[in-house]
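To start, the structure under review is shown below, and the notes come after it.
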Amino acid sequence: MRALALVAVLALAAPAYAQFNLRDLNVNKVLETVKNVGKATREINQEEEIGIGRDVSARLVGAAPLVADARVQRYVNNVGRWLASQTERPGLPWKFGVLEAPQVNAFAVPGGTIFITRGLLDKMASEAELAGVLGHEIAHVLRKHHLKAIQKGAMASLSGDVASMALTNVNSEARHKLVSFGTEMYSRGLDKDDELEADRLGVVIAARGGYDAYGLPAVLQTLQAMNASDSALALMFKTHPAPAERLEQLAKRMQPTLDAYADQAQLQSRFLAETKAAR
Ligand SMILES: [Zn+2]
């Protein structure tokens with residue numbers, strides 16, 4: 001009787017203690033779980049990356065539709081694909097779109113889908129600036145920043161075997177959770193180091209595409225000059241380091257290496273003509 005009471009107290013007071021009770025340990029079950037954790041922490045293959053991206057972008061486009069103008073969509077897509085074709089992952093199904101949203105923002109989805117908002121496009125003055133912003137987003141895809149954050153979050157919130165199932169079974173409950181987590185990440189933002197790395201790589205991608213390397217810094221200067229309390233900037237400022245810090249970090253890297261690419265194409269008039277409908 002006393003022994004039973006003691007067991008009950010232990011179970012209530014220290015549930016963790018119960019896990020160290022080896023008496024009814026199911027060795028097979030433990031081995032299975034360890035194996036599945038291994039599966040979930042493995043490198044996600046390209047097909048899975050593209051699949052996760054497709055699910056996440058469907059949710060994001062559900063929240064804000066694409067700007068209904070074929071010319072501007074084709075133009076942004078052409079500039080983006082040109083830049084992406086010269087990176088180390090030219091074979092991804094790269095897609096670029098302009099979302100019908102007044103907020104100033106841009107984001108990349110795993111697998112190569114990239115969106116910028118009408119609000120951000122409206123703040124740009126040249127194709128070199130567009131290339132800088134797209135270069136930053138392309139860099140997130142190349143370095144799998146979002147994919148890794150989604151995987152990390154899934155590992156933390158789902159058990160190993162469930163996280164593994166989320167990758168392989170696209171109709172599972174676990175998959176829905178993974179995609180929700182992925183979507184939610186766009187309102188939380190990435191690590192600051194990932195953002196600064198995307199800035200550094202982004203200017204290189206734009207320069208390699210033949211554009212003035214100072215396009216991205218020019219956009220950051222425009223954002224810096226805007227009223228920080230402007231509600232259109234709220235999400236961008238919440239999910240990215242401050243423009244001043246990004247400019248400072250870029251300046252350290254850009255001189256003198258990228259100064260050689262400062263007089264490359266800017267293409268202001270082509271940009272203004274092609275994006276007229278979205279401005
Ligand atoms: Zn970013």
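So you can find residues: chains in the structure tokens are A, B, ... in the order shown, residues in each start at 1, and ligands are numbered from 1 in order.
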
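By chain and then residue number, the residues within 9 Å of A:Lys177 are Ala154, Leu158, Ala166, Ser172, Glu173, Ala174, Ser180, Phe181 and Gly182 of chain A, counting only C-alpha atoms and disregarding those fewer than 3 positions away in sequence.
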
Name the residues, by chain letter and number, that sit within 8 Å of ligand 1 using only C-alpha atoms and all ligand atoms, and give them as a VMD selection string.
-> chain A and resid 106 to 108 136 to 137 140 190 194 to 196 198 to 199 239 to 240

Could you check how far atom CA of A:Ala206 sits from atom CA of A:Leu134, in Å to one decimal?
->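 Value for the atom CA of A:Ala206-atom CA of A:Leu134 distance: 8.2 Å.
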
Best match for closeness to A:Asn78 among A:Asp191, A:Asp230, A:Glu127, A:Glu248, counting only C-alpha atoms = A:Glu127

Of the residues A:Leu147, A:Ala63, A:Gly80, A:Lys95, which is the one nearest to A:Gln46, using only C-alpha atoms?
-> A:Leu147

Find, counting only C-alpha atoms, the residue in A:Ser126, A:Gln249, A:Gln264, A:Asn169 that gets nearest to A:Asp193.
->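 With only C-alpha atoms as the atom set, the closest residue is A:Gln249.
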
Closest of A:Lys144, A:Arg279, A:Lys192, A:Arg246 to A:Ile50 - atom-to-atom distances counting only C-alpha atoms |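 Of all the options, A:Lys144 lies closest to A:Ile50.
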
Exercise: A:Gly112 partners within 8 Å, only C-alpha atoms, chain neighbours under 3 positions left out, as a PDB file with N, CA and C atoms, in the first residue's frame:
ATOM      1  N   ILE A  50      11.799  21.431 -53.178  1.00  0.00           N
ATOM      2  CA  ILE A  50      10.865  22.039 -54.128  1.00  0.00           C
ATOM      3  C   ILE A  50       9.424  21.799 -53.677  1.00  0.00           C
ATOM      4  N   GLY A  53       8.589  24.067 -50.757  1.00  0.00           N
ATOM      5  CA  GLY A  53       8.442  25.420 -51.293  1.00  0.00           C
ATOM      6  C   GLY A  53       7.100  25.619 -51.982  1.00  0.00           C
ATOM      7  N   LEU A  92      17.250  24.857 -60.588  1.00  0.00           N
ATOM      8  CA  LEU A  92      16.017  24.928 -59.780  1.00  0.00           C
ATOM      9  C   LEU A  92      14.902  25.550 -60.615  1.00  0.00           C
ATOM     10  N   PRO A  93      13.640  25.211 -60.320  1.00  0.00           N
ATOM     11  CA  PRO A  93      12.530  25.814 -61.070  1.00  0.00           C
ATOM     12  C   PRO A  93      12.264  27.249 -60.605  1.00  0.00           C
ATOM     13  N   TRP A  94      13.189  28.151 -60.917  1.00  0.00           N
ATOM     14  CA  TRP A  94      13.112  29.537 -60.429  1.00  0.00           C
ATOM     15  C   TRP A  94      11.849  30.232 -60.934  1.00  0.00           C
ATOM     16  N   LYS A  95      11.161  30.902 -60.028  1.00  0.00           N
ATOM     17  CA  LYS A  95       9.964  31.687 -60.391  1.00  0.00           C
ATOM     18  C   LYS A  95       9.989  32.974 -59.590  1.00  0.00           C
ATOM     19  N   ALA A 108      11.905  34.853 -50.127  1.00  0.00           N
ATOM     20  CA  ALA A 108      12.254  33.689 -50.932  1.00  0.00           C
ATOM     21  C   ALA A 108      11.662  32.444 -50.302  1.00  0.00           C
ATOM     22  N   VAL A 109      11.163  31.545 -51.128  1.00  0.00           N
ATOM     23  CA  VAL A 109      10.595  30.285 -50.662  1.00  0.00           C
ATOM     24  C   VAL A 109      11.556  29.176 -51.109  1.00  0.00           C
ATOM     25  N   ILE A 138      17.645  35.449 -53.949  1.00  0.00           N
ATOM     26  CA  ILE A 138      18.259  34.265 -54.578  1.00  0.00           C
ATOM     27  C   ILE A 138      19.291  33.661 -53.621  1.00  0.00           C
ATOM     28  N   VAL A 141      17.868  31.330 -51.123  1.00  0.00           N
ATOM     29  CA  VAL A 141      17.562  30.005 -51.691  1.00  0.00           C
ATOM     30  C   VAL A 141      18.851  29.196 -51.862  1.00  0.00           C
TER      31      VAL A 141
END

With distances taken over only C-alpha atoms, which of A:Val204, A:Glu47, A:Met254, A:Thr275 is nearest to A:Val98?
->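 Among the listed residues, the smallest separation from A:Val98 belongs to A:Thr275.
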
Stretch 55-165 of chain A: which residues are helix (DSSP H, G or I) by DSSP, as a PyMOL selection string?
-> chain A and resi 55-63+70-84+118-121+127-142+145-157+160-165

Judged by only C-alpha atoms, the minimum distance to A:Gln103 among A:Leu267, A:Leu233, A:Ala278, A:Leu216 is found for A:Leu233

What is the distance between atom CA of A:Ala149 and atom CA of A:Thr168, in Å to one decimal?
->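 So the answer is 18.1 Å.
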
Would you return as a list in words the members of stretch 26-269 of chain A that DSSP assigns to strand (DSSP E) on this structure's backbone?
->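 DSSP on the backbone gives strand (DSSP E) at Lys95, Phe96, Gly97, Val98, Leu99, Ala106, Phe107, Ala108, Val109, Thr113, Ile114, Phe115, Ile116 and Thr117 of chain A.
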